[in-house]
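Source file: start_31.cif (mmCIF, C-alpha atoms)
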data_start
#
loop_
_atom_site.group_PDB
_atom_site.id
_atom_site.type_symbol
_atom_site.label_atom_id
_atom_site.label_comp_id
_atom_site.auth_asym_id
_atom_site.auth_seq_id
_atom_site.Cartn_x
_atom_site.Cartn_y
_atom_site.Cartn_z
ATOM 1 C CA MET H 1 10.382 19.221 -9.757
ATOM 2 C CA ASN H 2 11.948 17.541 -12.703
ATOM 3 C CA ASN H 3 9.305 17.727 -15.422
ATOM 4 C CA GLN H 4 11.011 15.251 -17.750
ATOM 5 C CA LYS H 5 9.516 12.045 -16.335
ATOM 6 C CA LYS H 6 11.962 9.203 -15.806
ATOM 7 C CA LYS H 7 11.124 6.060 -17.687
ATOM 8 C CA LEU H 8 11.633 2.311 -17.309
ATOM 9 C CA SER H 9 10.682 -0.172 -20.005
ATOM 10 C CA ILE H 10 10.829 -3.897 -19.375
ATOM 11 C CA ILE H 11 10.590 -6.641 -21.979
ATOM 12 C CA ALA H 12 8.900 -9.474 -20.109
ATOM 13 C CA PHE H 13 10.016 -12.445 -22.187
ATOM 14 C CA SER H 14 10.218 -15.127 -19.526
ATOM 15 C CA GLY H 15 7.046 -16.522 -18.053
ATOM 16 C CA ASP H 16 8.780 -17.991 -15.015
ATOM 17 C CA PHE H 17 7.332 -17.238 -11.613
ATOM 18 C CA ASP H 18 10.543 -15.820 -10.138
ATOM 19 C CA LYS H 19 11.300 -13.702 -13.181
ATOM 20 C CA LEU H 20 7.763 -12.318 -13.253
ATOM 21 C CA VAL H 21 8.201 -11.394 -9.583
ATOM 22 C CA ALA H 22 11.294 -9.432 -10.661
ATOM 23 C CA VAL H 23 9.356 -7.747 -13.490
ATOM 24 C CA PHE H 24 6.463 -6.641 -11.293
ATOM 25 C CA THR H 25 8.638 -5.693 -8.300
ATOM 26 C CA LEU H 26 10.614 -3.335 -10.520
ATOM 27 C CA ALA H 27 7.493 -2.116 -12.292
ATOM 28 C CA SER H 28 5.489 -1.304 -9.157
ATOM 29 C CA GLY H 29 8.515 0.116 -7.343
ATOM 30 C CA ALA H 30 9.483 2.364 -10.235
ATOM 31 C CA ALA H 31 5.894 3.521 -10.759
ATOM 32 C CA ALA H 32 5.667 4.330 -7.047
ATOM 33 C CA VAL H 33 8.618 6.690 -7.349
ATOM 34 C CA ASN H 34 7.003 8.399 -10.328
ATOM 35 C CA TYR H 35 8.641 6.617 -13.224
ATOM 36 C CA GLU H 36 6.684 6.071 -16.385
ATOM 37 C CA VAL H 37 6.718 2.268 -16.690
ATOM 38 C CA ASN H 38 6.139 0.270 -19.877
ATOM 39 C CA LEU H 39 5.890 -3.507 -19.839
ATOM 40 C CA PHE H 40 6.228 -5.322 -23.141
ATOM 41 C CA PHE H 41 5.034 -8.902 -22.930
ATOM 42 C CA THR H 42 6.393 -11.327 -25.434
ATOM 43 C CA PHE H 43 6.379 -15.095 -25.851
ATOM 44 C CA TRP H 44 6.432 -16.869 -22.447
ATOM 45 C CA GLY H 45 5.687 -13.527 -20.824
ATOM 46 C CA PHE H 46 2.117 -13.884 -22.105
ATOM 47 C CA ASN H 47 1.559 -16.169 -19.130
ATOM 48 C CA ALA H 48 1.194 -13.038 -17.036
ATOM 49 C CA ILE H 49 -1.412 -11.312 -19.186
ATOM 50 C CA LYS H 50 -3.722 -14.098 -20.337
ATOM 51 C CA LEU H 51 -7.299 -13.502 -19.267
ATOM 52 C CA LYS H 52 -7.692 -17.160 -18.333
ATOM 53 C CA GLN H 53 -5.218 -17.796 -15.551
ATOM 54 C CA ASN H 54 -5.564 -21.561 -15.538
ATOM 55 C CA ARG H 55 -4.555 -23.974 -18.277
ATOM 56 C CA SER H 56 -6.970 -23.454 -21.117
ATOM 57 C CA PHE H 57 -7.287 -24.179 -24.798
ATOM 58 C CA ILE H 58 -7.189 -20.667 -26.198
ATOM 59 C CA GLY H 59 -6.022 -19.519 -29.599
ATOM 60 C CA LYS H 60 -6.580 -20.212 -33.250
ATOM 61 C CA GLY H 61 -5.997 -23.730 -34.600
ATOM 62 C CA ILE H 62 -5.410 -27.048 -32.887
ATOM 63 C CA LEU H 63 -1.629 -26.685 -32.458
ATOM 64 C CA ALA H 64 -1.947 -23.249 -30.885
ATOM 65 C CA ARG H 65 -4.684 -24.467 -28.567
ATOM 66 C CA VAL H 66 -2.646 -27.413 -27.341
ATOM 67 C CA PHE H 67 0.441 -25.233 -26.970
ATOM 68 C CA ASN H 68 -1.458 -22.639 -24.947
ATOM 69 C CA PHE H 69 -2.873 -25.363 -22.750
ATOM 70 C CA LEU H 70 0.614 -26.709 -22.016
ATOM 71 C CA MET H 71 1.989 -23.196 -21.544
ATOM 72 C CA GLY H 72 -0.694 -22.423 -18.972
ATOM 73 C CA GLY H 73 -1.434 -19.063 -17.378
ATOM 74 C CA LEU H 74 -0.564 -17.038 -14.312
ATOM 75 C CA LYS H 75 -1.872 -19.695 -11.924
ATOM 76 C CA ASN H 76 0.670 -22.275 -13.079
ATOM 77 C CA VAL H 77 3.814 -20.330 -13.997
ATOM 78 C CA PRO H 78 6.843 -22.446 -13.059
ATOM 79 C CA LEU H 79 9.865 -21.487 -10.986
ATOM 80 C CA SER H 80 12.901 -21.135 -13.293
ATOM 81 C CA ARG H 81 14.831 -23.617 -11.131
ATOM 82 C CA LEU H 82 13.759 -26.344 -8.703
ATOM 83 C CA ASN H 83 10.188 -26.240 -9.971
ATOM 84 C CA PHE H 84 9.346 -29.771 -8.776
ATOM 85 C CA PHE H 85 6.265 -30.110 -11.010
ATOM 86 C CA GLY H 86 4.778 -26.824 -9.874
ATOM 87 C CA ILE H 87 5.039 -27.303 -6.125
ATOM 88 C CA SER H 88 7.782 -24.722 -5.657
ATOM 89 C CA PRO H 89 5.857 -21.641 -6.857
ATOM 90 C CA LYS H 90 3.124 -22.507 -4.337
ATOM 91 C CA LEU H 91 5.698 -22.900 -1.564
ATOM 92 C CA MET H 92 7.310 -19.639 -2.609
ATOM 93 C CA THR H 93 3.969 -17.801 -2.499
ATOM 94 C CA TYR H 94 3.353 -19.258 0.954
ATOM 95 C CA LEU H 95 6.777 -18.041 2.130
ATOM 96 C CA MET H 96 6.266 -14.608 0.618
ATOM 97 C CA LYS H 97 2.953 -14.179 2.400
ATOM 98 C CA LYS H 98 4.376 -15.512 5.660
ATOM 99 C CA ARG H 99 7.339 -13.139 5.509
ATOM 100 C CA ASN H 100 5.147 -10.229 4.474
ATOM 101 C CA VAL H 101 6.622 -9.831 1.017
ATOM 102 C CA ALA H 102 4.011 -9.073 -1.633
ATOM 103 C CA PRO H 103 3.138 -12.180 -3.680
ATOM 104 C CA LEU H 104 3.011 -12.075 -7.483
ATOM 105 C CA ASP H 105 -0.717 -11.399 -7.859
ATOM 106 C CA LYS H 106 -0.466 -8.466 -5.424
ATOM 107 C CA LEU H 107 2.527 -7.014 -7.278
ATOM 108 C CA ILE H 108 0.545 -7.158 -10.519
ATOM 109 C CA GLU H 109 -2.444 -5.520 -8.850
ATOM 110 C CA TYR H 110 -0.252 -2.713 -7.457
ATOM 111 C CA SER H 111 1.379 -2.217 -10.856
ATOM 112 C CA ILE H 112 -2.047 -1.800 -12.447
ATOM 113 C CA ASP H 113 -3.187 0.598 -9.699
ATOM 114 C CA LEU H 114 -0.077 2.730 -10.197
ATOM 115 C CA GLY H 115 -0.703 3.091 -13.919
ATOM 116 C CA VAL H 116 2.005 0.804 -15.295
ATOM 117 C CA LYS H 117 1.352 0.397 -19.026
ATOM 118 C CA PHE H 118 0.982 -3.082 -20.493
ATOM 119 C CA TYR H 119 1.745 -3.886 -24.132
ATOM 120 C CA ALA H 120 1.663 -7.175 -26.024
ATOM 121 C CA CYS H 121 4.007 -8.292 -28.801
ATOM 122 C CA GLU H 122 2.198 -8.697 -32.085
ATOM 123 C CA MET H 123 4.462 -11.405 -33.507
ATOM 124 C CA SER H 124 4.097 -13.664 -30.448
ATOM 125 C CA MET H 125 0.353 -13.320 -30.666
ATOM 126 C CA VAL H 126 0.390 -14.492 -34.268
ATOM 127 C CA ILE H 127 2.574 -17.512 -33.424
ATOM 128 C CA LEU H 128 0.516 -18.473 -30.381
ATOM 129 C CA GLY H 129 -2.766 -17.761 -32.173
ATOM 130 C CA ILE H 130 -3.852 -15.471 -29.344
ATOM 131 C CA ARG H 131 -6.326 -12.649 -29.930
ATOM 132 C CA LYS H 132 -6.485 -9.401 -27.970
ATOM 133 C CA GLU H 133 -9.716 -10.639 -26.336
ATOM 134 C CA ASP H 134 -7.707 -13.493 -24.797
ATOM 135 C CA LEU H 135 -5.636 -10.977 -22.838
ATOM 136 C CA ILE H 136 -6.461 -8.960 -19.730
ATOM 137 C CA PRO H 137 -8.105 -5.592 -20.535
ATOM 138 C CA GLU H 138 -5.133 -3.693 -19.062
ATOM 139 C CA VAL H 139 -3.157 -4.504 -22.204
ATOM 140 C CA LYS H 140 -3.364 -1.146 -23.931
ATOM 141 C CA GLU H 141 -1.955 -1.980 -27.301
ATOM 142 C CA VAL H 142 -0.584 -4.772 -29.462
ATOM 143 C CA LEU H 143 2.654 -3.652 -31.044
ATOM 144 C CA GLY H 144 5.946 -4.495 -32.729
ATOM 145 C CA VAL H 145 9.602 -3.510 -32.530
ATOM 146 C CA ALA H 146 9.203 -0.035 -34.026
ATOM 147 C CA LYS H 147 6.577 1.034 -31.483
ATOM 148 C CA PHE H 148 8.549 -0.547 -28.670
ATOM 149 C CA LEU H 149 11.615 1.494 -29.611
ATOM 150 C CA GLU H 150 9.500 4.616 -29.805
ATOM 151 C CA TYR H 151 7.885 4.098 -26.387
ATOM 152 C CA SER H 152 11.109 3.100 -24.635
ATOM 153 C CA GLU H 153 13.237 5.863 -26.110
ATOM 154 C CA GLY H 154 15.048 8.043 -23.583
ATOM 155 C CA GLY H 155 14.548 5.638 -20.683
ATOM 156 C CA GLN H 156 16.086 2.504 -19.252
ATOM 157 C CA VAL H 157 15.345 -0.850 -20.831
ATOM 158 C CA LEU H 158 15.495 -4.294 -19.225
ATOM 159 C CA PHE H 159 15.009 -7.746 -20.702
ATOM 160 C CA ILE H 160 13.740 -10.257 -18.171
ATOM 161 C CA MET O 1 -10.345 21.705 5.877
ATOM 162 C CA ASN O 2 -7.186 19.670 5.605
ATOM 163 C CA LYS O 3 -7.420 16.209 7.051
ATOM 164 C CA ILE O 4 -4.924 14.003 8.842
ATOM 165 C CA TYR O 5 -4.447 10.405 7.723
ATOM 166 C CA SER O 6 -2.154 7.654 8.921
ATOM 167 C CA LEU O 7 -0.423 4.719 7.296
ATOM 168 C CA ASP O 8 1.532 1.909 8.927
ATOM 169 C CA ILE O 9 4.163 0.310 6.704
ATOM 170 C CA THR O 10 6.321 -1.110 9.489
ATOM 171 C CA LYS O 11 5.549 -4.662 8.365
ATOM 172 C CA GLU O 12 6.089 -4.053 4.646
ATOM 173 C CA HIS O 13 9.165 -4.509 2.512
ATOM 174 C CA CYS O 14 10.501 -3.034 -0.701
ATOM 175 C CA PRO O 15 8.787 -2.048 -2.976
ATOM 176 C CA ILE O 16 5.468 -2.164 -1.115
ATOM 177 C CA THR O 17 6.649 0.440 1.408
ATOM 178 C CA PHE O 18 6.616 3.196 -1.176
ATOM 179 C CA VAL O 19 3.902 1.574 -3.325
ATOM 180 C CA LYS O 20 1.443 1.846 -0.410
ATOM 181 C CA THR O 21 2.640 5.358 0.413
ATOM 182 C CA LYS O 22 2.104 6.516 -3.164
ATOM 183 C CA LEU O 23 -1.343 4.879 -3.475
ATOM 184 C CA MET O 24 -2.415 6.432 -0.160
ATOM 185 C CA LEU O 25 -1.189 9.891 -1.134
ATOM 186 C CA GLU O 26 -3.115 9.676 -4.416
ATOM 187 C CA LYS O 27 -6.350 9.507 -2.415
ATOM 188 C CA LEU O 28 -5.555 12.642 -0.411
ATOM 189 C CA GLU O 29 -6.272 16.264 -1.272
ATOM 190 C CA LYS O 30 -3.629 18.948 -1.547
ATOM 191 C CA GLY O 31 -2.558 20.148 1.897
ATOM 192 C CA ASP O 32 -3.756 17.002 3.692
ATOM 193 C CA ILE O 33 -1.360 15.494 6.215
ATOM 194 C CA LEU O 34 -0.209 11.870 6.185
ATOM 195 C CA GLU O 35 1.546 10.303 9.158
ATOM 196 C CA ILE O 36 3.576 7.286 8.145
ATOM 197 C CA LEU O 37 4.979 4.709 10.537
ATOM 198 C CA LEU O 38 8.000 2.883 9.164
ATOM 199 C CA THR O 39 11.125 1.080 10.264
ATOM 200 C CA GLU O 40 14.708 2.238 9.997
ATOM 201 C CA GLY O 41 16.919 0.953 7.213
ATOM 202 C CA GLU O 42 15.635 0.805 3.656
ATOM 203 C CA PRO O 43 12.182 2.368 4.311
ATOM 204 C CA LEU O 44 13.540 5.240 6.412
ATOM 205 C CA ASP O 45 16.316 5.885 3.890
ATOM 206 C CA ASN O 46 14.070 5.897 0.845
ATOM 207 C CA VAL O 47 10.483 6.811 1.649
ATOM 208 C CA PRO O 48 11.134 10.405 2.842
ATOM 209 C CA LYS O 49 13.585 10.931 -0.023
ATOM 210 C CA THR O 50 11.137 9.847 -2.706
ATOM 211 C CA LEU O 51 8.362 11.916 -1.097
ATOM 212 C CA THR O 52 10.538 15.017 -1.341
ATOM 213 C CA GLU O 53 11.445 14.149 -4.934
ATOM 214 C CA GLN O 54 7.751 13.979 -5.759
ATOM 215 C CA GLY O 55 7.282 17.474 -4.394
ATOM 216 C CA HIS O 56 5.583 16.643 -1.094
ATOM 217 C CA LYS O 57 6.674 18.412 2.059
ATOM 218 C CA VAL O 58 8.218 16.225 4.765
ATOM 219 C CA LEU O 59 7.406 18.146 7.950
ATOM 220 C CA GLU O 60 8.812 15.850 10.585
ATOM 221 C CA ILE O 61 10.799 12.652 11.091
ATOM 222 C CA LYS O 62 10.654 11.348 14.635
ATOM 223 C CA ASN O 63 12.004 8.222 16.323
ATOM 224 C CA ILE O 64 9.025 6.996 18.339
ATOM 225 C CA ASP O 65 10.094 3.517 19.391
ATOM 226 C CA LYS O 66 13.285 1.446 19.104
ATOM 227 C CA ASN O 67 13.494 1.117 15.324
ATOM 228 C CA ILE O 68 10.144 2.688 14.452
ATOM 229 C CA PHE O 69 9.969 6.161 12.977
ATOM 230 C CA LYS O 70 7.079 8.493 12.281
ATOM 231 C CA ILE O 71 7.149 10.698 9.237
ATOM 232 C CA VAL O 72 4.726 13.554 8.821
ATOM 233 C CA VAL O 73 4.188 14.645 5.248
ATOM 234 C CA GLU O 74 2.020 17.290 3.620
ATOM 235 C CA LYS O 75 0.609 16.432 0.226
ATOM 236 C CA ALA O 76 1.523 18.718 -2.655
ATOM 237 C CA GLY O 77 -0.829 19.547 -5.530
ATOM 238 C CA ASN O 78 -0.824 17.272 -8.548
#

Whole structure, structure tokens version:
Amino acid sequence: MNNQKKKLSIIAFSGDFDKLVAVFTLASGAAAVNYEVNLFFTFWGFNAIKLKQNRSFIGKGILARVFNFLMGGLKNVPLSRLNFFGISPKLMTYLMKKRNVAPLDKLIEYSIDLGVKFYACEMSMVILGIRKEDLIPEVKEVLGVAKFLEYSEGGQVLFI
Amino acid sequence: MNKIYSLDITKEHCPITFVKTKLMLEKLEKGDILEILLTEGEPLDNVPKTLTEQGHKVLEIKNIDKNIFKIVVEKAGN
């Protein structure tokens, strides 16, 4: 066996439903074929790793709290096109289940089970006023560019 | 004693076909046997290949019904 483990690192910037499906499909699939997988969540991508999955006033300061409320969480991530005020992601989830394709929450669960590593961007957290306690416990570390480069070195990198 | 397990992924699609296979194999002991039912096309092309890449031993691939195949795999040590 090849003892140099293959590696995939994804910068999850977009918090759109469809793009998060892409992130977690790649993450779980790659982890299942023995890749080391690193997910770096930044800005809108925080939608996927907030502990509170519904709209909630989290963060430090009034502006941050309002912004986080509007931004929402995993339960109300929008479709990048044809969102129709949030109806489309629900329809899409219904279709995925009906056609036996794993829905977003399942893909995230599988990614966690397969040991995909979650990291959060420090700068975004400062802007959004989010603390580590506001994120799901699977987030291993809060980091910046230097650490990201170190962890992703020698593997493939995607920006979604 | 080595045990025999089975897994049906005929209704699954990429990437859950090999996600479920990997999660199932993680629960098994070295030398245990896993029988996987899958469909031809993407699953049949990729699941046995990735199992071999991960060091497991694919003992048998058999066409058991129209487009359904059975793969017998022996789990390798970690």

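A straight line drawn from atom CA of H:Asn83 to atom CA of H:Asp18 is 10.4 Å long.
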
Selected by the PyMOL selection byres ((chain O) within 8 of (chain H)) in the shown coordinates: which residues, as an MDAnalysis selection string? chainID O and resid 11:16 18:19 22:23 50 53:55

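Going from atom CA of H:Ile10 over to atom CA of H:Ile160, you cover 7.1 Å.
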
Test item: axis-aligned box, all listed atoms of stretch 65-84 of chain H, 8 Å on each side, centre and edges in Å rounded to one decimal, as lines of an AutoDock Vina configuration file:
center_x = 5.1
center_y = -23.4
center_z = -18.6
size_x = 35.5
size_y = 28.7
size_z = 35.9

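Interatomic distance, atom CA of H:Ala22 to atom CA of H:Glu138: 19.3 Å.
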
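Among the candidate residues O:Asn46, O:Val73, O:Ile36, O:Thr21, the one lying nearest to O:Asp8 is O:Ile36, with distances computed using all atoms listed in the file.
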
Counting only C-alpha atoms, what is within 12 Å of O:Gly41, bar same-chain residues fewer than 3 positions away, as a list in words? Thr10, His13, Cys14, Thr17, Leu38, Leu44, Asp45, Asn46, Val47, Pro48, Asn67, Ile68 and Phe69 of chain O

Would you write out, as a list in words, every residue that the PyMOL selection byres ((chain O and resi 2) around 7) captures in this file? Met1, Lys3, Ile4, Gly31 and Asp32 of chain O

Given the file shown, enumerate the residues that the PyMOL selection byres ((chain O and resi 57) around 8) captures and present them as a VMD selection string. chain O and resid 51 to 52 55 to 56 58 to 59 73 to 76

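Each of H:Leu20, H:Val145, H:Ile49, H:Leu39 was compared to H:Arg131 using all atoms listed in the file, and H:Ile49 turns out to be the nearest.
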
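Minimum distance to H:Lys117 across H:Lys60, H:Ile11, H:Arg55, H:Glu36 (counting only C-alpha atoms) occurs at H:Glu36.
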
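Of the residues under consideration (H:Ile58, H:Ala12, H:Val21, H:Leu63), H:Ile58 shows the shortest atom-to-atom contact distance to H:Lys132 when counting all atoms listed in the file.
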
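Counting all atoms listed in the file, H:Lys90 has the following residues at most 12 Å away, ignoring those fewer than 6 positions along the same chain: Phe17, Asp18, Leu74, Lys75, Asn76, Val77, Pro78, Leu79, Asn83, Phe84, Met96, Lys97, Pro103 and Leu104 of chain H.
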
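Closest approach to H:Ser124 among H:Ser9, H:Gln4, H:Ser56, H:Asn68 is made by H:Asn68 (distances from only C-alpha atoms).
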